[in-house]
Amino acid sequence: MAMPEADLLSQSDTTPELEPTTTTLSTKPASRARVIWRRLQHTPRFWIGGSVVVLFVLLAIFGRFLTPWSPLDQDVDNMNYPPTIVHWFGTDILGHDLFAQIVSGLQKSLIIGFIAGPAATLIAGILGATAGYLGGWGEKLIAWIIDLLLVLPAFFILVLLYPYTHGSWIVMMIFLAVTGWMIMAQVIRNQTRSLRDREFVKGARYMGFGTWSVVRRHIIPNVASLLIIDATLGIAAMILAETSLSFFGFGVQPPDVSLGTLIANGQSAATTRPWLFLFPAGTLIVLLLAISLVGDALRDAIDPTSGVNRA
């Protein structure tokens with residue numbers, strides 16, 4: 001039996017219309033920097049090490065406001081005193097406040113580390129990428145310079161040049177940067193040799209870009225992860241190198257102080273007046289460990305497979 005036309009119209013009016021559903025999916029991939037940052041956010045080593053490094057940097061900047069003593073002030077009434085309320089870390093044989101001296105030494109060590117480390121990485125990135133991209137005689141020349149500098153004993157060169165530097169810590173910092181880039185340059189050179197035959201590099205070369213433009217725009221960004229890790233760990237390496245040179249008397253000179261000079265002054269009294277040695281040595285150990293934790297976390301964030309085989 002046929003349904004009346006009026007009923008058909010009323011039924012069609014009451015039938016709900018299905019609205020088309022659209023699902024918008026973002027096809028824009030996350031940037032590499034954002035992916036690395038997300039990995040770092042879930043890495044406790046990064047936060048622990050980074051917090052300690054920031055704490056030391058703040059201490060180096062504002063620590064002098066925490067004590068009424070300057071590094072050169074002498075308290076003749078409290079010479080060779082252990083830690084007290086007046087002198088938190090004690091005093092040395094001349095009555096200098098050890099906390100004030102550690103703050104001053106930390107400033108010097110951090111300045112040298114944060115400048116010399118990234119500077120050496122910058123030199124390694126530029127020369128290593130240029131050598132790997134050029135090939136031919138250009139690569140052989142730079143490789144020969146790298147091999148020559150690797151076999152030269154940097155410490156003995158600094159000892160020979162020391163009388164002509166007048167004990168300047170700035171000259172020492174420049175020397176550390178100039179002699180600390182060769183191994184990473186070799187790594188970057190090998191990485192660049194595998195990149196120079198890639199399509200984007202060939203395309204840039206065919207479009208008429210010069211050597212430096214190709215290296216700056218296409219090579220260095222593709223090896224930036226290695227450079228970031230090297231720069232971070234290079235800070236710790238330069239701080240340790242400065243401490244070693246200052247310990248042996250070829251680094252920071254009086255009246256300036258660094259962690260190396262403080263450790264050298266306190267090592268002879270490590271058993272009789274342990275605070276003179278333990279506080280600067282402990283500061284150095286904690287600082288280097290914190291920087292190493294940050295560098296280790298960066299390495300795992302940039303290359304997640306780097307820690308697979310580690311215990």
# chains A, B, ... in the order shown; residues from 1 in each chain; ligands from 1
>>> residues_around(residues="His96 (chain A)", least_positions_apart="2", cutoff="6 Å", atoms="only C-alpha atoms", output="PyMOL selection string")
chain A and resi 73-74+91-92+94
>>> residues_around(residues="region 278-290 of chain A", least_positions_apart="2", cutoff="7 Å", atoms="only C-alpha atoms", output="ChimeraX atom specification")
/A:49-50,52-53,102,236,259,262-263,274-276,292-294
>>> closest_atom_pairs(of="region 206-245 of chain A", to="region 295-302 of chain A", cutoff="8 Å", atoms="only C-alpha atoms", output="Markdown table")
| residue | atom | partner | partner_atom | distance |
| --- | --- | --- | --- | --- |
| A:Ser225 | CA | A:Ile302 | CA | 6.5 |
| A:Ile229 | CA | A:Gly295 | CA | 5.9 |
| A:Thr232 | CA | A:Gly295 | CA | 5.6 |
| A:Leu233 | CA | A:Gly295 | CA | 5.6 |
>>> write_last_selection(atoms="N, CA, C and O atoms", output="PDB file, in the first residue's frame")
ATOM      1  N   SER A 225      74.826  18.584  15.124  1.00  0.00           N
ATOM      2  CA  SER A 225      74.647  17.767  16.327  1.00  0.00           C
ATOM      3  C   SER A 225      75.991  17.363  16.921  1.00  0.00           C
ATOM      4  O   SER A 225      76.190  17.410  18.143  1.00  0.00           O
ATOM      5  N   ILE A 229      77.541  18.661  20.718  1.00  0.00           N
ATOM      6  CA  ILE A 229      78.074  17.752  21.739  1.00  0.00           C
ATOM      7  C   ILE A 229      79.526  18.086  22.046  1.00  0.00           C
ATOM      8  O   ILE A 229      79.950  18.139  23.209  1.00  0.00           O
ATOM      9  N   THR A 232      79.882  21.267  24.127  1.00  0.00           N
ATOM     10  CA  THR A 232      79.504  21.070  25.531  1.00  0.00           C
ATOM     11  C   THR A 232      80.587  20.345  26.307  1.00  0.00           C
ATOM     12  O   THR A 232      81.011  20.786  27.380  1.00  0.00           O
ATOM     13  N   LEU A 233      81.052  19.234  25.765  1.00  0.00           N
ATOM     14  CA  LEU A 233      82.114  18.494  26.442  1.00  0.00           C
ATOM     15  C   LEU A 233      83.436  19.246  26.386  1.00  0.00           C
ATOM     16  O   LEU A 233      84.297  19.064  27.256  1.00  0.00           O
TER      17      LEU A 233
END
>>> residues_around(residues="Gly90 (chain A)", least_positions_apart="2", cutoff="10 Å", atoms="only C-alpha atoms", output="NGL selection string")
:A and (78-88 or 92 or 95-99 or 273 or 275-276 or 279)
>>> atom_distance(atom1="CA of Ala143 (chain A)", atom2="CA of Gln186 (chain A)")
7.9 Å
>>> select_by_dssp(residues="region 100-292 of chain A", states="helix (DSSP H, G or I)", output="NGL selection string")
:A and (100-134 or 136-151 or 154-165 or 169-178 or 182-195 or 199-206 or 211-222 or 224-247 or 259-269 or 275-292)
>>> residues_around(residues="region 151-157 of chain A", least_positions_apart="5", cutoff="10 Å", atoms="only C-alpha atoms", output="PyMOL selection string")
chain A and resi 146+162+175-176+178-180+241+245+250
>>> atom_distance(atom1="CA of Ala270 (chain A)", atom2="CA of Ala237 (chain A)")
24.7 Å
>>> closest_residue(among="A:Trp212, A:Pro68, A:His218, A:Met184", to="Ala120 (chain A)", atoms="only C-alpha atoms")
A:Met184
>>> atom_distance(atom1="CA of Ile228 (chain A)", atom2="CA of Val57 (chain A)")
19.5 Å
>>> closest_atom_pairs(of="region 126-164 of chain A", to="region 191-195 of chain A", cutoff="9 Å", atoms="only C-alpha atoms", output="tab-separated table")
residue	atom	partner	partner_atom	distance
A:Gly128	CA	A:Thr192	CA	7.7
A:Ala129	CA	A:Thr192	CA	5.6
A:Thr130	CA	A:Thr192	CA	8.2
A:Ala131	CA	A:Thr192	CA	8.2
A:Gly132	CA	A:Arg193	CA	4.8
A:Tyr133	CA	A:Thr192	CA	6.1
A:Leu134	CA	A:Arg193	CA	8.9
A:Gly135	CA	A:Arg193	CA	8.1
>>> residues_around(residues="region 109-119 of chain A", least_positions_apart="4", cutoff="7 Å", atoms="only C-alpha atoms", output="ChimeraX atom specification")
/A:105,123,173-174,176-177,231,234-236,238-239,258-259
>>> decode(residues="region 165-181 of chain A", atoms="all heavy atoms", output="CSV table (one decimal), in the first residue's frame")
chain,number,residue,atom,x,y,z
A,165,THR,N,104.7,35.2,27.2
A,165,THR,CA,103.3,35.5,27.4
A,165,THR,C,103.1,36.3,28.7
A,165,THR,O,102.0,36.8,28.9
A,165,THR,CB,102.5,34.3,27.5
A,165,THR,OG1,102.9,33.5,28.6
A,165,THR,CG2,102.6,33.4,26.2
A,166,HIS,N,104.1,36.4,29.5
A,166,HIS,CA,104.0,37.2,30.8
A,166,HIS,C,102.9,36.6,31.7
A,166,HIS,O,102.3,37.4,32.4
A,166,HIS,CB,103.8,38.7,30.5
A,166,HIS,CG,104.8,39.3,29.6
A,166,HIS,ND1,106.1,39.5,30.0
A,166,HIS,CD2,104.8,39.7,28.3
A,166,HIS,CE1,106.8,40.1,29.0
A,166,HIS,NE2,106.0,40.2,28.0
A,167,GLY,N,102.6,35.3,31.6
A,167,GLY,CA,101.7,34.7,32.5
A,167,GLY,C,100.2,35.2,32.2
A,167,GLY,O,99.4,35.1,33.1
A,168,SER,N,99.9,35.6,31.0
A,168,SER,CA,98.6,36.1,30.7
A,168,SER,C,97.6,34.9,30.5
A,168,SER,O,97.9,34.0,29.7
A,168,SER,CB,98.6,37.0,29.4
A,168,SER,OG,97.3,37.3,29.0
A,169,TRP,N,96.5,35.0,31.3
A,169,TRP,CA,95.5,33.9,31.2
A,169,TRP,C,94.7,34.0,29.9
A,169,TRP,O,94.2,33.0,29.3
A,169,TRP,CB,94.6,33.9,32.4
A,169,TRP,CG,93.7,35.1,32.5
A,169,TRP,CD1,94.0,36.2,33.2
A,169,TRP,CD2,92.4,35.3,32.0
A,169,TRP,NE1,93.0,37.1,33.1
A,169,TRP,CE2,92.0,36.5,32.4
A,169,TRP,CE3,91.6,34.5,31.2
A,169,TRP,CZ2,90.7,37.1,32.0
A,169,TRP,CZ3,90.4,35.0,30.8
A,169,TRP,CH2,90.0,36.3,31.2
A,170,ILE,N,94.7,35.2,29.3
A,170,ILE,CA,94.0,35.4,28.0
A,170,ILE,C,94.8,34.7,26.9
A,170,ILE,O,94.2,34.0,26.0
A,170,ILE,CB,93.8,36.9,27.7
A,170,ILE,CG1,92.9,37.5,28.7
A,170,ILE,CG2,93.3,37.1,26.3
A,170,ILE,CD1,92.7,39.0,28.6
A,171,VAL,N,96.1,34.8,26.9
A,171,VAL,CA,97.0,34.1,26.0
A,171,VAL,C,96.8,32.6,26.1
A,171,VAL,O,96.7,31.9,25.1
A,171,VAL,CB,98.4,34.6,26.1
A,171,VAL,CG1,99.3,33.7,25.2
A,171,VAL,CG2,98.6,36.0,25.8
A,172,MET,N,96.8,32.2,27.4
A,172,MET,CA,96.6,30.7,27.6
A,172,MET,C,95.2,30.3,27.1
A,172,MET,O,95.1,29.2,26.5
A,172,MET,CB,96.7,30.4,29.1
A,172,MET,CG,96.5,29.0,29.4
A,172,MET,SD,96.2,28.6,31.2
A,172,MET,CE,94.7,29.5,31.5
A,173,MET,N,94.2,31.1,27.2
A,173,MET,CA,92.9,30.7,26.7
A,173,MET,C,92.9,30.6,25.2
A,173,MET,O,92.3,29.6,24.6
A,173,MET,CB,91.8,31.7,27.2
A,173,MET,CG,90.4,31.5,26.7
A,173,MET,SD,89.3,32.7,27.3
A,173,MET,CE,89.9,34.2,26.5
A,174,ILE,N,93.5,31.5,24.5
A,174,ILE,CA,93.7,31.5,23.1
A,174,ILE,C,94.5,30.2,22.7
A,174,ILE,O,94.1,29.5,21.7
A,174,ILE,CB,94.3,32.8,22.5
A,174,ILE,CG1,93.4,34.0,22.8
A,174,ILE,CG2,94.6,32.7,21.0
A,174,ILE,CD1,94.0,35.3,22.5
A,175,PHE,N,95.5,30.0,23.4
A,175,PHE,CA,96.3,28.8,23.1
A,175,PHE,C,95.5,27.5,23.2
A,175,PHE,O,95.6,26.6,22.4
A,175,PHE,CB,97.6,28.8,24.0
A,175,PHE,CG,98.5,27.6,23.8
A,175,PHE,CD1,99.4,27.6,22.8
A,175,PHE,CD2,98.3,26.4,24.5
A,175,PHE,CE1,100.3,26.6,22.6
A,175,PHE,CE2,99.2,25.4,24.3
A,175,PHE,CZ,100.1,25.4,23.3
A,176,LEU,N,94.7,27.4,24.2
A,176,LEU,CA,93.9,26.2,24.4
A,176,LEU,C,92.9,26.0,23.3
A,176,LEU,O,92.7,24.9,22.8
A,176,LEU,CB,93.2,26.3,25.8
A,176,LEU,CG,94.0,26.1,27.0
A,176,LEU,CD1,93.1,26.3,28.3
A,176,LEU,CD2,94.7,24.8,27.1
A,177,ALA,N,92.3,27.1,22.8
A,177,ALA,CA,91.4,27.1,21.7
A,177,ALA,C,92.0,26.7,20.4
A,177,ALA,O,91.5,25.9,19.6
A,177,ALA,CB,90.6,28.4,21.5
A,178,VAL,N,93.3,27.2,20.2
A,178,VAL,CA,94.0,26.9,18.9
A,178,VAL,C,94.5,25.5,18.9
A,178,VAL,O,94.6,24.9,17.8
A,178,VAL,CB,95.1,27.9,18.8
A,178,VAL,CG1,96.0,27.6,17.6
A,178,VAL,CG2,94.6,29.3,18.6
A,179,THR,N,94.8,24.9,20.0
A,179,THR,CA,95.3,23.5,20.0
A,179,THR,C,94.3,22.5,20.4
A,179,THR,O,94.7,21.3,20.7
A,179,THR,CB,96.5,23.5,21.0
A,179,THR,OG1,96.1,23.8,22.4
A,179,THR,CG2,97.6,24.4,20.6
A,180,GLY,N,93.0,22.8,20.5
A,180,GLY,CA,92.1,21.8,21.0
A,180,GLY,C,91.0,21.4,20.0
A,180,GLY,O,90.0,20.9,20.4
A,181,TRP,N,91.2,21.6,18.7
A,181,TRP,CA,90.2,21.4,17.7
A,181,TRP,C,90.5,20.3,16.7
A,181,TRP,O,89.6,19.9,15.9
A,181,TRP,CB,90.0,22.7,16.9
A,181,TRP,CG,91.3,23.2,16.2
A,181,TRP,CD1,92.2,24.0,16.7
A,181,TRP,CD2,91.7,22.8,14.9
A,181,TRP,NE1,93.2,24.2,15.8
A,181,TRP,CE2,93.0,23.5,14.7
A,181,TRP,CE3,91.3,22.0,13.9
A,181,TRP,CZ2,93.7,23.4,13.6
A,181,TRP,CZ3,92.0,21.9,12.7
A,181,TRP,CH2,93.2,22.6,12.6
